[in-house]
Structures are given as structure tokens and as C-alpha cells.
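Next comes my_file_27.txt, a file with compact mmCIF, N, CA and C atoms.
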# COMPACT_ATOMS: atom_id res chain seq x y z
N MET A 452 6.00 9.42 2.82
CA MET A 452 5.80 8.90 1.49
C MET A 452 6.62 9.74 0.52
N ARG A 453 7.27 9.09 -0.42
CA ARG A 453 8.07 9.78 -1.43
C ARG A 453 7.51 9.41 -2.81
N ILE A 454 7.38 10.41 -3.65
CA ILE A 454 6.78 10.22 -4.98
C ILE A 454 7.87 10.39 -6.04
N PRO A 455 7.98 9.42 -6.97
CA PRO A 455 8.99 9.51 -8.02
C PRO A 455 8.53 10.41 -9.17
N CYS A 456 8.82 11.69 -9.08
CA CYS A 456 8.45 12.62 -10.15
C CYS A 456 9.30 12.31 -11.38
N PRO A 457 8.69 12.14 -12.55
CA PRO A 457 9.46 11.84 -13.77
C PRO A 457 10.44 12.95 -14.15
N HIS A 458 10.20 14.19 -13.69
CA HIS A 458 11.07 15.31 -14.03
C HIS A 458 12.11 15.61 -12.96
N CYS A 459 11.72 15.50 -11.69
CA CYS A 459 12.57 15.94 -10.57
C CYS A 459 13.18 14.80 -9.77
N GLY A 460 12.78 13.58 -10.04
CA GLY A 460 13.26 12.46 -9.25
C GLY A 460 12.37 12.25 -8.02
N GLU A 461 12.83 11.43 -7.10
CA GLU A 461 12.04 11.11 -5.92
C GLU A 461 11.96 12.32 -4.99
N ARG A 462 10.72 12.71 -4.64
CA ARG A 462 10.49 13.91 -3.84
C ARG A 462 9.52 13.60 -2.70
N PRO A 463 9.57 14.36 -1.59
CA PRO A 463 8.65 14.12 -0.48
C PRO A 463 7.22 14.51 -0.85
N VAL A 464 6.25 13.83 -0.28
CA VAL A 464 4.85 14.03 -0.62
C VAL A 464 4.37 15.45 -0.30
N ASP A 465 5.02 16.15 0.64
CA ASP A 465 4.56 17.50 0.99
C ASP A 465 4.84 18.52 -0.12
N GLU A 466 5.55 18.14 -1.17
CA GLU A 466 5.73 19.02 -2.34
C GLU A 466 4.55 18.91 -3.32
N PHE A 467 3.61 18.02 -3.03
CA PHE A 467 2.51 17.73 -3.95
C PHE A 467 1.16 18.05 -3.31
N THR A 468 0.19 18.34 -4.16
CA THR A 468 -1.21 18.35 -3.74
C THR A 468 -1.91 17.26 -4.55
N THR A 469 -3.02 16.77 -4.02
CA THR A 469 -3.76 15.73 -4.72
C THR A 469 -5.22 16.12 -4.83
N ILE A 470 -5.86 15.68 -5.91
CA ILE A 470 -7.28 15.97 -6.07
C ILE A 470 -8.11 14.70 -6.16
N GLY A 471 -7.50 13.55 -5.92
CA GLY A 471 -8.26 12.31 -5.88
C GLY A 471 -8.03 11.41 -7.07
N THR A 472 -8.98 10.51 -7.25
CA THR A 472 -8.85 9.43 -8.22
C THR A 472 -8.70 9.92 -9.66
N ALA A 473 -7.91 9.20 -10.42
CA ALA A 473 -7.66 9.55 -11.83
C ALA A 473 -8.49 8.69 -12.77
N ASP A 474 -9.38 7.88 -12.24
CA ASP A 474 -10.10 6.93 -13.07
C ASP A 474 -11.45 7.38 -13.63
N PRO A 475 -12.20 8.31 -13.01
CA PRO A 475 -13.51 8.66 -13.59
C PRO A 475 -13.39 9.21 -15.01
N VAL A 476 -14.33 8.84 -15.83
CA VAL A 476 -14.37 9.31 -17.21
C VAL A 476 -15.50 10.34 -17.32
N ARG A 477 -15.17 11.52 -17.82
CA ARG A 477 -16.14 12.61 -17.95
C ARG A 477 -17.26 12.21 -18.91
N PRO A 478 -18.52 12.38 -18.49
CA PRO A 478 -19.64 12.04 -19.38
C PRO A 478 -19.73 13.01 -20.56
N GLU A 479 -20.41 12.58 -21.60
CA GLU A 479 -20.69 13.45 -22.75
C GLU A 479 -21.58 14.61 -22.29
N ALA A 480 -21.49 15.74 -22.94
CA ALA A 480 -22.28 16.92 -22.57
C ALA A 480 -23.78 16.64 -22.60
N SER A 481 -24.22 15.76 -23.47
CA SER A 481 -25.64 15.46 -23.60
C SER A 481 -26.10 14.35 -22.66
N SER A 482 -25.24 13.90 -21.77
CA SER A 482 -25.57 12.78 -20.88
C SER A 482 -26.65 13.15 -19.87
N ASP A 483 -27.26 12.14 -19.32
CA ASP A 483 -28.28 12.27 -18.29
C ASP A 483 -27.67 12.92 -17.04
N MET A 484 -28.47 13.66 -16.28
CA MET A 484 -28.00 14.35 -15.07
C MET A 484 -27.42 13.35 -14.06
N LYS A 485 -27.98 12.15 -13.97
CA LYS A 485 -27.47 11.15 -13.03
C LYS A 485 -26.00 10.81 -13.34
N ASP A 486 -25.67 10.73 -14.63
CA ASP A 486 -24.27 10.47 -15.01
C ASP A 486 -23.35 11.57 -14.49
N TRP A 487 -23.81 12.83 -14.57
CA TRP A 487 -23.01 13.95 -14.08
C TRP A 487 -22.89 13.95 -12.56
N VAL A 488 -23.98 13.64 -11.88
CA VAL A 488 -23.94 13.57 -10.41
C VAL A 488 -22.96 12.49 -9.98
N ASP A 489 -23.03 11.33 -10.60
CA ASP A 489 -22.10 10.24 -10.28
C ASP A 489 -20.66 10.66 -10.54
N TYR A 490 -20.42 11.32 -11.67
CA TYR A 490 -19.07 11.75 -12.04
C TYR A 490 -18.49 12.75 -11.03
N VAL A 491 -19.31 13.69 -10.58
CA VAL A 491 -18.83 14.75 -9.70
C VAL A 491 -18.74 14.30 -8.24
N TYR A 492 -19.72 13.53 -7.77
CA TYR A 492 -19.83 13.28 -6.32
C TYR A 492 -19.52 11.86 -5.86
N ILE A 493 -19.75 10.87 -6.67
CA ILE A 493 -19.64 9.48 -6.22
C ILE A 493 -18.23 8.96 -6.49
N ARG A 494 -17.57 8.51 -5.43
CA ARG A 494 -16.22 7.96 -5.55
C ARG A 494 -16.13 6.64 -4.79
N ASN A 495 -15.43 5.70 -5.37
CA ASN A 495 -15.13 4.45 -4.67
C ASN A 495 -13.96 4.69 -3.74
N ASN A 496 -13.85 3.89 -2.73
CA ASN A 496 -12.72 3.96 -1.81
C ASN A 496 -12.10 2.56 -1.75
N PRO A 497 -11.37 2.20 -2.80
CA PRO A 497 -10.88 0.82 -2.90
C PRO A 497 -9.72 0.53 -1.95
N ALA A 498 -9.67 -0.70 -1.52
CA ALA A 498 -8.50 -1.19 -0.79
C ALA A 498 -7.63 -1.87 -1.83
N GLY A 499 -6.42 -1.39 -1.99
CA GLY A 499 -5.53 -1.96 -2.99
C GLY A 499 -5.01 -0.90 -3.94
N THR A 500 -4.68 -1.32 -5.14
CA THR A 500 -4.09 -0.43 -6.13
C THR A 500 -5.09 0.63 -6.59
N HIS A 501 -4.60 1.88 -6.63
CA HIS A 501 -5.46 3.02 -6.92
C HIS A 501 -4.64 4.06 -7.68
N ARG A 502 -5.24 4.72 -8.70
CA ARG A 502 -4.56 5.78 -9.46
C ARG A 502 -5.10 7.13 -9.01
N GLU A 503 -4.20 8.09 -8.70
CA GLU A 503 -4.61 9.39 -8.20
C GLU A 503 -3.87 10.51 -8.91
N TRP A 504 -4.55 11.67 -9.03
CA TRP A 504 -3.94 12.87 -9.58
C TRP A 504 -3.11 13.57 -8.50
N PHE A 505 -1.87 13.91 -8.83
CA PHE A 505 -1.01 14.70 -7.95
C PHE A 505 -0.45 15.87 -8.76
N HIS A 506 -0.35 17.03 -8.14
CA HIS A 506 0.23 18.20 -8.78
C HIS A 506 1.51 18.55 -8.04
N HIS A 507 2.62 18.63 -8.73
CA HIS A 507 3.91 18.89 -8.10
C HIS A 507 4.10 20.40 -7.92
N VAL A 508 3.39 20.96 -6.95
CA VAL A 508 3.40 22.41 -6.73
C VAL A 508 4.74 22.90 -6.18
N GLY A 509 5.48 22.05 -5.48
CA GLY A 509 6.75 22.47 -4.90
C GLY A 509 7.94 22.13 -5.78
N GLY A 510 7.69 21.85 -7.04
CA GLY A 510 8.78 21.48 -7.95
C GLY A 510 8.48 21.93 -9.37
N CYS A 511 8.37 20.98 -10.27
CA CYS A 511 8.23 21.28 -11.70
C CYS A 511 6.82 21.70 -12.10
N ARG A 512 5.86 21.62 -11.20
CA ARG A 512 4.46 22.01 -11.40
C ARG A 512 3.73 21.11 -12.39
N ALA A 513 4.24 19.92 -12.62
CA ALA A 513 3.60 18.98 -13.54
C ALA A 513 2.46 18.25 -12.84
N TRP A 514 1.46 17.85 -13.63
CA TRP A 514 0.41 16.98 -13.15
C TRP A 514 0.85 15.54 -13.38
N LEU A 515 0.70 14.71 -12.36
CA LEU A 515 1.11 13.31 -12.43
C LEU A 515 -0.06 12.40 -12.09
N VAL A 516 -0.03 11.19 -12.62
CA VAL A 516 -0.93 10.14 -12.19
C VAL A 516 -0.06 9.15 -11.42
N VAL A 517 -0.32 9.05 -10.12
CA VAL A 517 0.46 8.21 -9.23
C VAL A 517 -0.35 6.96 -8.90
N THR A 518 0.28 5.81 -9.02
CA THR A 518 -0.36 4.55 -8.65
C THR A 518 0.20 4.13 -7.31
N ARG A 519 -0.72 3.91 -6.34
CA ARG A 519 -0.27 3.50 -5.01
C ARG A 519 -1.23 2.48 -4.44
N ASP A 520 -0.75 1.76 -3.45
CA ASP A 520 -1.57 0.78 -2.73
C ASP A 520 -2.17 1.49 -1.52
N THR A 521 -3.49 1.58 -1.45
CA THR A 521 -4.14 2.31 -0.37
C THR A 521 -4.03 1.60 0.98
N ARG A 522 -3.67 0.32 0.97
CA ARG A 522 -3.50 -0.40 2.24
C ARG A 522 -2.18 -0.08 2.90
N THR A 523 -1.13 0.11 2.09
CA THR A 523 0.22 0.30 2.64
C THR A 523 0.81 1.67 2.31
N HIS A 524 0.17 2.42 1.42
CA HIS A 524 0.65 3.70 0.90
C HIS A 524 1.92 3.54 0.06
N ALA A 525 2.25 2.33 -0.32
CA ALA A 525 3.41 2.09 -1.18
C ALA A 525 3.14 2.69 -2.55
N ILE A 526 4.09 3.47 -3.05
CA ILE A 526 3.99 4.06 -4.38
C ILE A 526 4.47 3.03 -5.39
N LEU A 527 3.63 2.70 -6.35
CA LEU A 527 3.96 1.70 -7.35
C LEU A 527 4.46 2.30 -8.65
N GLY A 528 4.26 3.62 -8.82
CA GLY A 528 4.73 4.29 -10.02
C GLY A 528 4.09 5.65 -10.18
N ALA A 529 4.68 6.45 -11.05
CA ALA A 529 4.14 7.78 -11.36
C ALA A 529 4.44 8.08 -12.82
N ARG A 530 3.46 8.67 -13.49
CA ARG A 530 3.60 9.05 -14.89
C ARG A 530 3.07 10.46 -15.05
N THR A 531 3.59 11.17 -16.03
CA THR A 531 3.02 12.48 -16.32
C THR A 531 1.60 12.29 -16.83
N ALA A 532 0.80 13.33 -16.73
CA ALA A 532 -0.58 13.26 -17.21
C ALA A 532 -0.63 12.88 -18.69
N GLU A 533 0.27 13.43 -19.48
CA GLU A 533 0.33 13.11 -20.91
C GLU A 533 0.60 11.62 -21.14
N GLU A 534 1.58 11.08 -20.43
CA GLU A 534 1.91 9.66 -20.58
C GLU A 534 0.76 8.78 -20.12
N ALA A 535 0.07 9.18 -19.06
CA ALA A 535 -1.02 8.38 -18.51
C ALA A 535 -2.20 8.28 -19.47
N ARG A 536 -2.37 9.27 -20.35
CA ARG A 536 -3.47 9.24 -21.32
C ARG A 536 -3.21 8.28 -22.46
N LYS A 537 -1.96 7.95 -22.71
CA LYS A 537 -1.62 7.05 -23.82
C LYS A 537 -1.97 5.62 -23.43
N PRO A 538 -2.44 4.81 -24.39
CA PRO A 538 -2.78 3.41 -24.09
C PRO A 538 -1.58 2.57 -23.75

If you took the structure in this file and wrote it as C-alpha cells, what would it be?
Amino acid sequence: MRIPCPHCGERPVDEFTTIGTADPVRPEASSDMKDWVDYVYIRNNPAGTHREWFHHVGGCRAWLVVTRDTRTHAILGARTAEEARKP
């Protein structure tokens, strides 16, 4: 698998580490404990398009949000964390 880093160009996946899905939204500090348990421990395992956090440890050290298809591992795009936060 090759990931298109916005800074370094297309790079092999072994230059990156991943921490999982980029979709959970952090609950408010005053939220119920169940909301926090769900946020920390409960993850969906979708078949299809999925957004994930990747850290380019073997290159520019940027955090990226990579969109890929979990059925084929096809990379559909990558954006910096800053760009991914913008609407």
C-alpha cells in the first residue's frame, strides 16, 4: 500500500504508523461516563470507505487523515490533519 503524503508525495505504508479511525468526536468534559467509554473503547469496523489517522514517522512527521476502502485497501485520498478539520 502506498500513501500520498501531501508533503512528501507517494510513500510506502511502512513509513507510517496508524492509530485508527478519525471519525469519533470527543465528548464534552461534563458528559456522562457512558459517552466516554464509547469514545475510548467502542469502534465500528465498517466494510467500505473509512477515515484513519496516520503519522508519517519515516518522513515529514505530519499527522494525516487517510481515506481508504477497507475491502480493497485502495487509498482514496490523504489530507493533513489541519485540512481535514476544515469543512

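Comparing the minimum interatomic distances between A:Glu533 and each of A:Tyr490, A:Pro457, A:Glu466, A:Ala480, counting only C-alpha atoms, we find that A:Pro457 sits nearest.
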
Stretch 468-485 of chain A, all listed atoms, 6 Å padding on each side: what axis-aligned box centre and edge lengths in Å to one decimal come out, as lines of an AutoDock Vina configuration file?
center_x = -14.1
center_y = 12.6
center_z = -13.7
size_x = 40.7
size_y = 23.4
size_z = 31.9

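Rounded to one decimal, atom N of A:Arg453 and atom C of A:Thr472 lie 18.5 Å from each other.
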
Could you find all residues in chain A that DSSP calls strand (DSSP E) from the backbone, and write them as a ChimeraX atom specification? /A:453-456,460-463,468-472,500-506,514-520,526-531

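Between A:Thr468 and the residues A:His507, A:Asp486, A:Pro497, A:Met452, the shortest atom-to-atom distance, using all atoms listed in the file, involves A:His507.
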
Give as an MDAnalysis selection string the set of residues within 8 Å of the point (-0.7, 10.4, -13.7), where distances use the file's coordinates and only N, CA and C atoms. chainID A and resid 473 502:505 514:518 528:536

With N, CA and C atoms retained, could you export that selection as a PDB file, in the frame of the given file?
ATOM      1  N   ALA A 473      -7.910   9.200 -10.420  1.00  0.00           N
ATOM      2  CA  ALA A 473      -7.660   9.550 -11.830  1.00  0.00           C
ATOM      3  C   ALA A 473      -8.490   8.690 -12.770  1.00  0.00           C
ATOM      4  N   ARG A 502      -5.240   4.720  -8.700  1.00  0.00           N
ATOM      5  CA  ARG A 502      -4.560   5.780  -9.460  1.00  0.00           C
ATOM      6  C   ARG A 502      -5.100   7.130  -9.010  1.00  0.00           C
ATOM      7  N   GLU A 503      -4.200   8.090  -8.700  1.00  0.00           N
ATOM      8  CA  GLU A 503      -4.610   9.390  -8.200  1.00  0.00           C
ATOM      9  C   GLU A 503      -3.870  10.510  -8.910  1.00  0.00           C
ATOM     10  N   TRP A 504      -4.550  11.670  -9.030  1.00  0.00           N
ATOM     11  CA  TRP A 504      -3.940  12.870  -9.580  1.00  0.00           C
ATOM     12  C   TRP A 504      -3.110  13.570  -8.500  1.00  0.00           C
ATOM     13  N   PHE A 505      -1.870  13.910  -8.830  1.00  0.00           N
ATOM     14  CA  PHE A 505      -1.010  14.700  -7.950  1.00  0.00           C
ATOM     15  C   PHE A 505      -0.450  15.870  -8.760  1.00  0.00           C
ATOM     16  N   TRP A 514       1.460  17.850 -13.630  1.00  0.00           N
ATOM     17  CA  TRP A 514       0.410  16.980 -13.150  1.00  0.00           C
ATOM     18  C   TRP A 514       0.850  15.540 -13.380  1.00  0.00           C
ATOM     19  N   LEU A 515       0.700  14.710 -12.360  1.00  0.00           N
ATOM     20  CA  LEU A 515       1.110  13.310 -12.430  1.00  0.00           C
ATOM     21  C   LEU A 515      -0.060  12.400 -12.090  1.00  0.00           C
ATOM     22  N   VAL A 516      -0.030  11.190 -12.620  1.00  0.00           N
ATOM     23  CA  VAL A 516      -0.930  10.140 -12.190  1.00  0.00           C
ATOM     24  C   VAL A 516      -0.060   9.150 -11.420  1.00  0.00           C
ATOM     25  N   VAL A 517      -0.320   9.050 -10.120  1.00  0.00           N
ATOM     26  CA  VAL A 517       0.460   8.210  -9.230  1.00  0.00           C
ATOM     27  C   VAL A 517      -0.350   6.960  -8.900  1.00  0.00           C
ATOM     28  N   THR A 518       0.280   5.810  -9.020  1.00  0.00           N
ATOM     29  CA  THR A 518      -0.360   4.550  -8.650  1.00  0.00           C
ATOM     30  C   THR A 518       0.200   4.130  -7.310  1.00  0.00           C
ATOM     31  N   GLY A 528       4.260   3.620  -8.820  1.00  0.00           N
ATOM     32  CA  GLY A 528       4.730   4.290 -10.020  1.00  0.00           C
ATOM     33  C   GLY A 528       4.090   5.650 -10.180  1.00  0.00           C
ATOM     34  N   ALA A 529       4.680   6.450 -11.050  1.00  0.00           N
ATOM     35  CA  ALA A 529       4.140   7.780 -11.360  1.00  0.00           C
ATOM     36  C   ALA A 529       4.440   8.080 -12.820  1.00  0.00           C
ATOM     37  N   ARG A 530       3.460   8.670 -13.490  1.00  0.00           N
ATOM     38  CA  ARG A 530       3.600   9.050 -14.890  1.00  0.00           C
ATOM     39  C   ARG A 530       3.070  10.460 -15.050  1.00  0.00           C
ATOM     40  N   THR A 531       3.590  11.170 -16.030  1.00  0.00           N
ATOM     41  CA  THR A 531       3.020  12.480 -16.320  1.00  0.00           C
ATOM     42  C   THR A 531       1.600  12.290 -16.830  1.00  0.00           C
ATOM     43  N   ALA A 532       0.800  13.330 -16.730  1.00  0.00           N
ATOM     44  CA  ALA A 532      -0.580  13.260 -17.210  1.00  0.00           C
ATOM     45  C   ALA A 532      -0.630  12.880 -18.690  1.00  0.00           C
ATOM     46  N   GLU A 533       0.270  13.430 -19.480  1.00  0.00           N
ATOM     47  CA  GLU A 533       0.330  13.110 -20.910  1.00  0.00           C
ATOM     48  C   GLU A 533       0.600  11.620 -21.140  1.00  0.00           C
ATOM     49  N   GLU A 534       1.580  11.080 -20.430  1.00  0.00           N
ATOM     50  CA  GLU A 534       1.910   9.660 -20.580  1.00  0.00           C
ATOM     51  C   GLU A 534       0.760   8.780 -20.120  1.00  0.00           C
ATOM     52  N   ALA A 535       0.070   9.180 -19.060  1.00  0.00           N
ATOM     53  CA  ALA A 535      -1.020   8.380 -18.510  1.00  0.00           C
ATOM     54  C   ALA A 535      -2.200   8.280 -19.470  1.00  0.00           C
ATOM     55  N   ARG A 536      -2.370   9.270 -20.350  1.00  0.00           N
ATOM     56  CA  ARG A 536      -3.470   9.240 -21.320  1.00  0.00           C
ATOM     57  C   ARG A 536      -3.210   8.280 -22.460  1.00  0.00           C
TER      58      ARG A 536
END

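Taking atom N of A:Thr523 and atom CA of A:Gly471 as endpoints, the distance between them is 16.2 Å.
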
To one decimal in Å, tell me the separation between atom CA of A:Gly510 and atom N of A:Asp474. 23.1 Å

Once DSSP has gone over the backbone, tell me which residues of chain A are in alpha helix (DSSP H), as a PDB file with N, CA and C atoms, keeping the file's coordinate frame.
ATOM      1  N   MET A 484     -28.470  13.660 -16.280  1.00  0.00           N
ATOM      2  CA  MET A 484     -28.000  14.350 -15.070  1.00  0.00           C
ATOM      3  C   MET A 484     -27.420  13.350 -14.060  1.00  0.00           C
ATOM      4  N   LYS A 485     -27.980  12.150 -13.970  1.00  0.00           N
ATOM      5  CA  LYS A 485     -27.470  11.150 -13.030  1.00  0.00           C
ATOM      6  C   LYS A 485     -26.000  10.810 -13.340  1.00  0.00           C
ATOM      7  N   ASP A 486     -25.670  10.730 -14.630  1.00  0.00           N
ATOM      8  CA  ASP A 486     -24.270  10.470 -15.010  1.00  0.00           C
ATOM      9  C   ASP A 486     -23.350  11.570 -14.490  1.00  0.00           C
ATOM     10  N   TRP A 487     -23.810  12.830 -14.570  1.00  0.00           N
ATOM     11  CA  TRP A 487     -23.010  13.950 -14.080  1.00  0.00           C
ATOM     12  C   TRP A 487     -22.890  13.950 -12.560  1.00  0.00           C
ATOM     13  N   VAL A 488     -23.980  13.640 -11.880  1.00  0.00           N
ATOM     14  CA  VAL A 488     -23.940  13.570 -10.410  1.00  0.00           C
ATOM     15  C   VAL A 488     -22.960  12.490  -9.980  1.00  0.00           C
ATOM     16  N   ASP A 489     -23.030  11.330 -10.600  1.00  0.00           N
ATOM     17  CA  ASP A 489     -22.100  10.240 -10.280  1.00  0.00           C
ATOM     18  C   ASP A 489     -20.660  10.660 -10.540  1.00  0.00           C
ATOM     19  N   TYR A 490     -20.420  11.320 -11.670  1.00  0.00           N
ATOM     20  CA  TYR A 490     -19.070  11.750 -12.040  1.00  0.00           C
ATOM     21  C   TYR A 490     -18.490  12.750 -11.030  1.00  0.00           C
ATOM     22  N   VAL A 491     -19.310  13.690 -10.580  1.00  0.00           N
ATOM     23  CA  VAL A 491     -18.830  14.750  -9.700  1.00  0.00           C
ATOM     24  C   VAL A 491     -18.740  14.300  -8.240  1.00  0.00           C
ATOM     25  N   TYR A 492     -19.720  13.530  -7.770  1.00  0.00           N
ATOM     26  CA  TYR A 492     -19.830  13.280  -6.320  1.00  0.00           C
ATOM     27  C   TYR A 492     -19.520  11.860  -5.860  1.00  0.00           C
ATOM     28  N   ALA A 532       0.800  13.330 -16.730  1.00  0.00           N
ATOM     29  CA  ALA A 532      -0.580  13.260 -17.210  1.00  0.00           C
ATOM     30  C   ALA A 532      -0.630  12.880 -18.690  1.00  0.00           C
ATOM     31  N   GLU A 533       0.270  13.430 -19.480  1.00  0.00           N
ATOM     32  CA  GLU A 533       0.330  13.110 -20.910  1.00  0.00           C
ATOM     33  C   GLU A 533       0.600  11.620 -21.140  1.00  0.00           C
ATOM     34  N   GLU A 534       1.580  11.080 -20.430  1.00  0.00           N
ATOM     35  CA  GLU A 534       1.910   9.660 -20.580  1.00  0.00           C
ATOM     36  C   GLU A 534       0.760   8.780 -20.120  1.00  0.00           C
ATOM     37  N   ALA A 535       0.070   9.180 -19.060  1.00  0.00           N
ATOM     38  CA  ALA A 535      -1.020   8.380 -18.510  1.00  0.00           C
ATOM     39  C   ALA A 535      -2.200   8.280 -19.470  1.00  0.00           C
ATOM     40  N   ARG A 536      -2.370   9.270 -20.350  1.00  0.00           N
ATOM     41  CA  ARG A 536      -3.470   9.240 -21.320  1.00  0.00           C
ATOM     42  C   ARG A 536      -3.210   8.280 -22.460  1.00  0.00           C
TER      43      ARG A 536
END

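If you measure from each of A:Thr469, A:Asn495, A:Thr500, A:Ser482 to A:Arg519 using all atoms listed in the file, the closest one turns out to be A:Thr500.
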
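Shell of A:Asp520 at 7 Å, with only C-alpha atoms counted and residues fewer than 3 places along the chain excluded, is Gly499, Thr500, His501, Thr523, His524, Ala525 and Ile526 of chain A.
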
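You can rank A:Ile470, A:Trp487, A:Ala498, A:Pro463 by their closest distance to A:Thr521 using all atoms listed in the file, and at the top of that list sits A:Ala498.
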
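With distances taken over only N, CA and C atoms, A:His506 is the one residue among A:Lys537, A:His506, A:Arg522, A:Lys485 lying closest to A:Phe467.
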